[in-house]
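Asker: If it helps, the file is called run-v2.tsv and holds TSV, C-alpha atoms and all ligand atoms:
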```tsv
chain	number	residue	atom	x	y	z
A	27	MET	CA	12.06	-4.81	11.36
A	28	LYS	CA	15.18	-6.74	10.48
A	29	LYS	CA	18.81	-6.07	9.59
A	30	GLN	CA	20.10	-6.82	6.10
A	31	HIS	CA	23.86	-6.31	5.71
A	32	ASN	CA	23.72	-4.21	8.91
A	33	VAL	CA	20.96	-1.99	7.50
A	34	ILE	CA	17.67	-1.82	9.39
A	35	ILE	CA	14.70	-1.83	7.03
A	36	GLU	CA	11.28	-0.69	8.24
A	37	CYS	CA	7.92	-0.42	6.52
A	38	ILE	CA	5.36	1.67	8.38
A	39	GLN	CA	2.08	3.42	7.75
A	40	GLY	CA	2.41	7.17	8.26
A	41	ASP	CA	3.27	10.61	6.97
A	42	ILE	CA	6.66	11.37	5.46
A	43	THR	CA	6.76	14.73	7.29
A	44	SER	CA	6.48	13.11	10.74
A	45	GLN	CA	9.74	11.13	10.79
A	46	ALA	CA	11.64	13.17	13.39
A	47	ASP	CA	14.22	10.47	14.11
A	48	ILE	CA	15.34	10.24	10.46
A	49	THR	CA	18.18	12.32	8.99
A	50	ALA	CA	16.93	12.59	5.39
A	51	ILE	CA	13.45	12.26	3.95
A	52	VAL	CA	12.79	11.72	0.27
A	53	ASN	CA	10.42	13.91	-1.72
A	54	ALA	CA	8.32	12.55	-4.62
A	55	ALA	CA	8.99	15.81	-6.41
A	56	ASN	CA	7.88	17.51	-9.61
A	57	ALA	CA	10.43	18.60	-12.21
A	58	GLN	CA	10.34	22.23	-11.05
A	59	LEU	CA	10.84	21.19	-7.38
A	60	GLU	CA	7.78	23.25	-6.49
A	61	MET	CA	5.04	22.73	-3.94
A	62	GLY	CA	2.61	20.41	-5.84
A	63	GLY	CA	0.27	17.99	-4.05
A	64	GLY	CA	0.73	14.63	-2.33
A	65	VAL	CA	4.16	14.09	-0.79
A	66	ALA	CA	5.65	17.25	-2.34
A	67	GLY	CA	2.79	19.38	-1.01
A	68	ALA	CA	3.11	17.92	2.49
A	69	ILE	CA	6.91	18.39	2.53
A	70	HIS	CA	6.82	21.99	1.29
A	71	ASN	CA	3.98	22.85	3.69
A	72	ALA	CA	5.95	21.53	6.64
A	73	ALA	CA	9.34	22.91	5.51
A	74	GLY	CA	8.12	26.44	4.80
A	75	PRO	CA	9.15	28.95	2.08
A	76	GLY	CA	12.89	28.51	2.63
A	77	LEU	CA	12.73	25.13	0.90
A	78	VAL	CA	11.17	26.60	-2.26
A	79	GLU	CA	13.95	29.21	-2.31
A	80	GLU	CA	16.68	26.62	-1.97
A	81	CYS	CA	15.06	24.41	-4.64
A	82	ARG	CA	14.65	27.11	-7.30
A	83	PRO	CA	18.25	27.16	-8.64
A	84	LEU	CA	18.38	23.32	-8.63
A	85	ALA	CA	15.36	22.94	-10.98
A	86	PRO	CA	14.40	21.52	-13.38
A	87	ILE	CA	15.38	17.91	-12.79
A	88	ARG	CA	14.87	14.92	-15.10
A	89	PRO	CA	13.02	11.67	-14.34
A	90	GLY	CA	15.30	9.44	-12.25
A	91	GLU	CA	17.38	12.40	-11.09
A	92	THR	CA	17.81	13.41	-7.44
A	93	VAL	CA	19.02	16.57	-5.67
A	94	ILE	CA	19.55	17.32	-2.01
A	95	THR	CA	18.57	20.32	0.13
A	96	GLY	CA	18.29	21.18	3.80
A	97	GLY	CA	15.15	20.32	5.73
A	98	HIS	CA	14.31	23.89	6.82
A	99	ARG	CA	11.36	23.68	9.26
A	100	LEU	CA	11.10	19.90	8.94
A	101	PRO	CA	12.53	17.87	11.81
A	102	ASN	CA	14.97	16.30	9.30
A	103	ARG	CA	18.40	17.65	8.37
A	104	TYR	CA	18.01	16.93	4.65
A	105	VAL	CA	15.41	16.44	1.93
A	106	ILE	CA	16.41	14.36	-1.09
A	107	HIS	CA	14.16	15.28	-4.03
A	108	CYS	CA	13.48	12.58	-6.64
A	109	LEU	CA	11.54	12.97	-9.86
A	110	GLY	CA	9.83	9.66	-10.51
A	111	PRO	CA	8.63	8.63	-13.99
A	112	VAL	CA	5.07	9.42	-15.08
A	113	TYR	CA	3.72	5.93	-15.79
A	114	GLY	CA	3.13	5.31	-19.50
A	115	ILE	CA	4.97	8.48	-20.52
A	116	ASP	CA	8.55	8.54	-19.18
A	117	LYS	CA	10.30	5.43	-20.56
A	118	PRO	CA	11.68	3.02	-19.58
A	119	GLU	CA	9.68	3.64	-16.43
A	120	ASP	CA	11.11	0.69	-14.46
A	121	GLN	CA	14.67	1.90	-15.09
A	122	LEU	CA	13.79	5.49	-14.20
A	123	LEU	CA	12.08	4.44	-10.97
A	124	THR	CA	15.09	2.27	-10.08
A	125	ASP	CA	17.34	5.27	-10.76
A	126	CYS	CA	15.36	7.33	-8.19
A	127	TYR	CA	16.09	4.86	-5.37
A	128	ARG	CA	19.69	4.26	-6.47
A	129	ASN	CA	20.48	7.96	-6.85
A	130	ALA	CA	18.81	8.87	-3.54
A	131	LEU	CA	20.91	6.29	-1.71
A	132	ARG	CA	24.02	7.40	-3.60
A	133	LEU	CA	23.43	11.00	-2.43
A	134	ALA	CA	22.78	9.78	1.10
A	135	GLU	CA	26.13	7.99	1.10
A	136	GLN	CA	27.87	11.05	-0.34
A	137	TYR	CA	26.52	13.15	2.56
A	138	LYS	CA	27.27	10.44	5.13
A	139	ILE	CA	23.60	10.18	6.03
A	140	ASP	CA	22.74	7.43	8.50
A	141	SER	CA	18.98	7.17	8.09
A	142	ILE	CA	16.59	7.82	5.21
A	143	ALA	CA	12.82	7.59	4.75
A	144	PHE	CA	11.19	7.03	1.36
A	145	PRO	CA	7.59	7.48	0.22
A	146	ALA	CA	6.31	5.25	-2.61
A	147	ILE	CA	7.66	7.40	-5.45
A	148	SER	CA	5.52	7.69	-8.63
A	149	THR	CA	2.59	5.67	-7.20
A	150	GLY	CA	0.26	8.65	-6.64
A	151	ALA	CA	-0.27	11.40	-9.22
A	152	PHE	CA	2.28	9.74	-11.56
A	153	GLY	CA	0.19	6.54	-11.77
A	154	TYR	CA	2.81	3.77	-11.36
A	155	PRO	CA	1.00	0.52	-10.44
A	156	PHE	CA	1.66	0.08	-6.73
A	157	GLU	CA	2.70	-3.58	-6.58
A	158	ALA	CA	5.04	-3.28	-9.57
A	159	ALA	CA	6.67	-0.25	-7.94
A	160	ALA	CA	7.03	-2.08	-4.60
A	161	LYS	CA	8.70	-5.08	-6.31
A	162	LEU	CA	11.15	-2.75	-8.00
A	163	VAL	CA	12.01	-1.06	-4.69
A	164	PHE	CA	13.08	-4.32	-3.05
A	165	LYS	CA	14.86	-5.57	-6.18
A	166	THR	CA	16.89	-2.34	-6.14
A	167	LEU	CA	17.54	-2.61	-2.40
A	168	LYS	CA	18.95	-6.08	-2.87
A	169	GLU	CA	21.44	-4.71	-5.39
A	170	VAL	CA	22.39	-1.56	-3.48
A	171	ILE	CA	22.38	-2.49	0.20
A	172	PRO	CA	25.62	-4.52	0.29
A	173	ALA	CA	27.61	-1.43	-0.80
A	174	LEU	CA	26.17	0.99	1.78
A	175	GLN	CA	28.70	2.37	4.27
A	176	TYR	CA	26.88	5.19	6.07
A	177	VAL	CA	23.16	4.46	5.69
A	178	ASN	CA	22.16	2.09	8.46
A	179	LYS	CA	18.38	2.60	8.48
A	180	ILE	CA	15.95	2.72	5.56
A	181	ARG	CA	12.30	3.39	6.36
A	182	PHE	CA	9.44	3.13	3.87
A	183	ILE	CA	6.43	5.29	4.68
A	184	LEU	CA	3.15	4.06	3.26
A	185	HIS	CA	0.17	6.33	3.29
A	186	ASN	CA	-2.50	3.68	3.87
A	187	TYR	CA	-2.82	0.18	5.27
A	188	SER	CA	-3.35	-1.65	1.98
A	189	ASP	CA	-0.15	-0.12	0.57
A	190	LEU	CA	1.68	-1.16	3.75
A	191	GLU	CA	0.47	-4.74	3.27
A	192	ILE	CA	1.86	-4.79	-0.28
A	193	TYR	CA	5.24	-3.53	0.98
A	194	ASN	CA	5.25	-6.05	3.82
A	195	THR	CA	4.64	-8.89	1.34
A	196	GLN	CA	7.53	-7.73	-0.85
A	197	TYR	CA	9.71	-7.16	2.20
A	198	PHE	CA	9.21	-10.73	3.43
A	199	LYS	CA	10.03	-12.05	-0.04
A	200	PHE	CA	13.13	-9.88	0.03
A	201	ILE	CA	14.37	-11.19	3.36
A	202	SER	CA	13.66	-14.77	2.35
A	203	ASN	CA	15.38	-14.24	-1.03
A	204	LYS	CA	12.25	-15.21	-2.95
A	205	ASN	CA	12.42	-12.20	-5.25
A	206	ASP	CA	15.89	-13.21	-6.38
A	207	PRO	CA	15.51	-14.59	-9.93
A	208	GLU	CA	18.83	-16.46	-9.50
A	209	LYS	CA	17.56	-18.25	-6.43
A	210	LYS	CA	14.65	-20.67	-6.86
A	301	LIG	N1	3.38	10.78	3.39
A	301	LIG	C1	3.67	9.58	2.84
A	301	LIG	N2	3.13	9.16	1.68
A	301	LIG	C2	2.26	9.99	1.05
A	301	LIG	C3	1.91	11.26	1.57
A	301	LIG	C4	2.51	11.64	2.80
A	301	LIG	N3	2.25	12.82	3.38
A	301	LIG	N4	1.04	11.85	0.71
A	301	LIG	C5	0.84	10.98	-0.30
A	301	LIG	N5	1.56	9.85	-0.11
A	301	LIG	C6	1.70	8.65	-0.95
A	301	LIG	C7	0.64	8.45	-2.02
A	301	LIG	O1	-0.45	7.70	-1.48
A	301	LIG	C8	1.39	7.66	-3.07
A	301	LIG	O2	1.39	6.26	-2.76
A	301	LIG	O3	2.91	8.81	-1.68
A	301	LIG	C9	2.84	8.14	-2.93
A	301	LIG	C10	3.33	9.09	-4.01
A	301	LIG	O4	2.30	10.00	-4.35
A	301	LIG	P1	2.56	11.48	-4.94
A	301	LIG	O5	2.91	12.41	-3.86
A	301	LIG	O6	1.39	11.83	-5.80
A	301	LIG	O7	3.90	11.31	-5.83
A	301	LIG	P2	4.11	10.87	-7.37
A	301	LIG	O8	3.17	9.81	-7.81
A	301	LIG	O9	5.58	10.63	-7.49
A	301	LIG	O10	3.72	12.16	-8.19
A	301	LIG	C11	4.50	13.32	-8.08
A	301	LIG	O11	2.60	14.68	-7.71
A	301	LIG	O12	1.83	16.23	-6.26
A	301	LIG	C12	2.50	16.04	-7.38
A	301	LIG	O13	4.06	17.85	-7.41
A	301	LIG	C13	3.95	16.48	-7.36
A	301	LIG	O14	4.01	16.54	-9.73
A	301	LIG	C14	4.42	15.79	-8.61
A	301	LIG	C15	3.67	14.48	-8.60
```
Transcribe the structure of this file into structure tokens.
Answerer:
Amino acid sequence: MKKQHNVIIECIQGDITSQADITAIVNAANAQLEMGGGVAGAIHNAAGPGLVEECRPLAPIRPGETVITGGHRLPNRYVIHCLGPVYGIDKPEDQLLTDCYRNALRLAEQYKIDSIAFPAISTGAFGYPFEAAAKLVFKTLKEVIPALQYVNKIRFILHNYSDLEIYNTQYFKFISNKNDPEKK
């Protein structure tokens, strides 16, 4: 754990629905903002039917788009729903995945949210290669973090240990500036 521009960044192994100390969690949603499996299934299961009701008028969303709802029975005040790109289908997938992280943080700022937890969007059912997605996450963070005013903690929740190791590798490159193409 380390501060970058006064923002604490954490990478941990865990479940996105068990982050009680975080104000907003991010959903790897489907376009209809329905239950689904993976992250979306876990979030809707924990939040209860009120979340489906609140989501209905907000759907459908496009790849890269984000919307915000309450957390209902989750311990979190908000859920920010992102539709990641389906790898190989929604193009350009790198731009669309970047848009998810950028738009989620933009919404968090708009709602004056102090802490946010992300899953690894698009890397499950949507098939985005994990390491490429992780690199994109930290590249986007580097661009966005200096402008954050309200968000002071960003936590990445990885479902298994090997995914956590990939994030940790990218995180250490990020804090040592090695993923900055301008900086050799
Ligand atoms: N907490 C944290 N991470 C999780 C959890 C969880 N409870 N469950 C799964 N993951 C991890 C997966 O291992 C994967 O790395 O989250 C990542 C994203 O996986 P998905 O949930 O499948 O999300 P995505 O690839 O964006 O696909 C979204 O899947 O279930 C459907 O309805 C959903 O259509 C949507 C699609």
Asker: Go through A:Phe152, A:Tyr113, A:Phe144, A:Tyr127 one by one, measure the shortest atom-to-atom distance of each to ligand LIG 301 (chain A) using all atoms listed in the file, and give the residue with the smallest value.
Answerer: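 Distance minimum relative to ligand LIG 301 (chain A) lands on A:Phe152.
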Asker: Excluding same-chain residues fewer than 5 positions from A:Ile180, what lies within 7 Å of it counting only C-alpha atoms, as an NGL selection string?
Answerer: :A and (34-36 or 141-143)
Asker: Taking all atoms listed in the file into account, report as a PyMOL selection string which residues have an atom no farther than 8 Å from an atom of ligand LIG 301 (chain A).
Answerer: chain A and resi 40-43+53-57+59-69+109-112+145-154+156+183-186+189
Asker: If we count only C-alpha atoms and set the cut-off at 8 Å, which residues sit around A:Ala73, ignoring sequence neighbours fewer than 5 positions away in its own chain? Please answer as a list in words.
Answerer: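 Skipping anything fewer than 5 positions along the chain leaves Gly97, His98, Arg99 and Leu100 of chain A.
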Asker: Using all atoms listed in the file, find the one residue out of A:Asn129, A:Thr166, A:Ser44, A:Asn178 that sits nearest to A:Ile94.
Answerer: A:Asn129
Asker: Taking all atoms listed in the file into account, name the residue in A:Thr195, A:Glu80, A:Ile51, A:Ile38 that is nearest to A:Leu133.
Answerer: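 Smallest separation from A:Leu133 among the options: A:Ile51.
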Asker: Give me, please, the distance in Å between atom CA of A:Leu77 and atom CA of A:Thr92, quoted to one decimal.
Answerer: 15.3 Å
Asker: Could you please determine the separation between atom CA of A:Glu169 and atom CA of A:Arg181 in Å, to one decimal place?
Answerer: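 These atoms are spaced 16.9 Å apart.
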Asker: Figure out the distance between atom CA of A:Val52 and atom CA of A:Lys161, please, to one decimal in Å.
Answerer: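 That distance, rounded to one decimal, is 18.5 Å.
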Asker: Need to verify the contact set: A:Ile139, 6 Å, all atoms listed in the file, exclusion of same-chain residues closer than 4 positions in sequence. Can you return it as a PyMOL selection string?
Answerer: chain A and resi 134-135+176-177
Asker: Pick from A:Thr124, A:Asn32, A:Thr95, A:Ser202: nearest to A:Arg82, with all atoms listed in the file counted?
Answerer: A:Thr95
Asker: Would you list the residues near (19.3, -3.5, 0.1) (no more than 10 Å away, in the coordinates of the file, using only C-alpha atoms) as a list in words?
Answerer: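 Every residue inside that radius is included here: Lys29, Gln30, His31, Asn32, Val33, Ile34, Ile35, Val163, Phe164, Lys165, Thr166, Leu167, Lys168, Glu169, Val170, Ile171, Pro172, Ala173, Leu174, Ile180, Phe200 and Ile201 of chain A.
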Asker: For the selection you just gave me, I'd like the residues written to a file as a short mmCIF file (atom, residue, chain, number, x, y, z; two decimals), keeping the file's coordinate frame, keeping C-alpha atoms.
Answerer:
```
data_model
loop_
_atom_site.label_atom_id
_atom_site.label_comp_id
_atom_site.auth_asym_id
_atom_site.auth_seq_id
_atom_site.Cartn_x
_atom_site.Cartn_y
_atom_site.Cartn_z
CA LYS A 29 18.81 -6.07 9.59
CA GLN A 30 20.10 -6.82 6.10
CA HIS A 31 23.86 -6.31 5.71
CA ASN A 32 23.72 -4.21 8.91
CA VAL A 33 20.96 -1.99 7.50
CA ILE A 34 17.67 -1.82 9.39
CA ILE A 35 14.70 -1.83 7.03
CA VAL A 163 12.01 -1.06 -4.69
CA PHE A 164 13.08 -4.32 -3.05
CA LYS A 165 14.86 -5.57 -6.18
CA THR A 166 16.89 -2.34 -6.14
CA LEU A 167 17.54 -2.61 -2.40
CA LYS A 168 18.95 -6.08 -2.87
CA GLU A 169 21.44 -4.71 -5.39
CA VAL A 170 22.39 -1.56 -3.48
CA ILE A 171 22.38 -2.49 0.20
CA PRO A 172 25.62 -4.52 0.29
CA ALA A 173 27.61 -1.43 -0.80
CA LEU A 174 26.17 0.99 1.78
CA ILE A 180 15.95 2.72 5.56
CA PHE A 200 13.13 -9.88 0.03
CA ILE A 201 14.37 -11.19 3.36
#
```
Asker: Between A:Leu162, A:Ala50, A:Ala85, A:Cys108, which residue has the minimum interatomic distance to A:Asp120, considering only C-alpha atoms?
Answerer: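 Ranking A:Leu162, A:Ala50, A:Ala85, A:Cys108 by distance to A:Asp120, first place goes to A:Leu162.
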Asker: Hey, could you patch up stretch 122-149 of chain A with N, CA and C atoms and hand it over as a compact mmCIF listing (two decimals), in the frame of the given file?
Answerer:
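In the end it all went to rebuild_33.txt:
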```txt
# COMPACT_ATOMS: atom_id res chain seq x y z
N LEU A 122 13.80 4.13 -14.79
CA LEU A 122 13.79 5.49 -14.20
C LEU A 122 13.40 5.44 -12.73
N LEU A 123 12.46 4.54 -12.38
CA LEU A 123 12.08 4.44 -10.97
C LEU A 123 13.24 3.83 -10.16
N THR A 124 13.90 2.83 -10.73
CA THR A 124 15.09 2.27 -10.08
C THR A 124 16.14 3.35 -9.85
N ASP A 125 16.34 4.20 -10.87
CA ASP A 125 17.34 5.27 -10.76
C ASP A 125 17.03 6.19 -9.57
N CYS A 126 15.73 6.45 -9.33
CA CYS A 126 15.36 7.33 -8.19
C CYS A 126 15.92 6.75 -6.89
N TYR A 127 15.67 5.48 -6.64
CA TYR A 127 16.09 4.86 -5.37
C TYR A 127 17.62 4.76 -5.31
N ARG A 128 18.22 4.36 -6.43
CA ARG A 128 19.69 4.26 -6.47
C ARG A 128 20.34 5.61 -6.24
N ASN A 129 19.86 6.62 -6.94
CA ASN A 129 20.48 7.96 -6.85
C ASN A 129 20.24 8.58 -5.49
N ALA A 130 19.07 8.34 -4.89
CA ALA A 130 18.81 8.87 -3.54
C ALA A 130 19.77 8.24 -2.54
N LEU A 131 19.99 6.95 -2.65
CA LEU A 131 20.91 6.29 -1.71
C LEU A 131 22.36 6.68 -1.99
N ARG A 132 22.66 6.94 -3.27
CA ARG A 132 24.02 7.40 -3.60
C ARG A 132 24.27 8.78 -2.96
N LEU A 133 23.29 9.68 -3.06
CA LEU A 133 23.43 11.00 -2.43
C LEU A 133 23.54 10.86 -0.91
N ALA A 134 22.74 9.98 -0.35
CA ALA A 134 22.78 9.78 1.10
C ALA A 134 24.18 9.34 1.54
N GLU A 135 24.78 8.45 0.78
CA GLU A 135 26.13 7.99 1.10
C GLU A 135 27.13 9.14 0.97
N GLN A 136 26.96 9.92 -0.10
CA GLN A 136 27.87 11.05 -0.34
C GLN A 136 27.84 12.03 0.83
N TYR A 137 26.67 12.21 1.43
CA TYR A 137 26.52 13.15 2.56
C TYR A 137 26.64 12.46 3.92
N LYS A 138 27.07 11.22 3.90
CA LYS A 138 27.27 10.44 5.13
C LYS A 138 26.01 10.41 6.00
N ILE A 139 24.89 10.20 5.34
CA ILE A 139 23.60 10.18 6.03
C ILE A 139 23.35 8.78 6.60
N ASP A 140 22.91 8.74 7.86
CA ASP A 140 22.74 7.43 8.50
C ASP A 140 21.35 6.83 8.32
N SER A 141 20.34 7.71 8.18
CA SER A 141 18.98 7.17 8.09
C SER A 141 18.17 7.94 7.05
N ILE A 142 17.33 7.22 6.33
CA ILE A 142 16.59 7.82 5.21
C ILE A 142 15.19 7.22 5.16
N ALA A 143 14.21 8.07 4.87
CA ALA A 143 12.82 7.59 4.75
C ALA A 143 12.29 7.90 3.35
N PHE A 144 11.73 6.89 2.72
CA PHE A 144 11.19 7.03 1.36
C PHE A 144 9.66 6.94 1.36
N PRO A 145 8.99 7.76 0.55
CA PRO A 145 7.59 7.48 0.22
C PRO A 145 7.58 6.53 -0.98
N ALA A 146 6.40 6.14 -1.43
CA ALA A 146 6.31 5.25 -2.61
C ALA A 146 6.28 6.14 -3.86
N ILE A 147 7.49 6.46 -4.34
CA ILE A 147 7.66 7.40 -5.45
C ILE A 147 6.88 6.93 -6.69
N SER A 148 6.25 7.88 -7.36
CA SER A 148 5.52 7.69 -8.63
C SER A 148 4.17 6.97 -8.49
N THR A 149 3.81 6.51 -7.30
CA THR A 149 2.59 5.67 -7.20
C THR A 149 1.32 6.48 -6.94
```
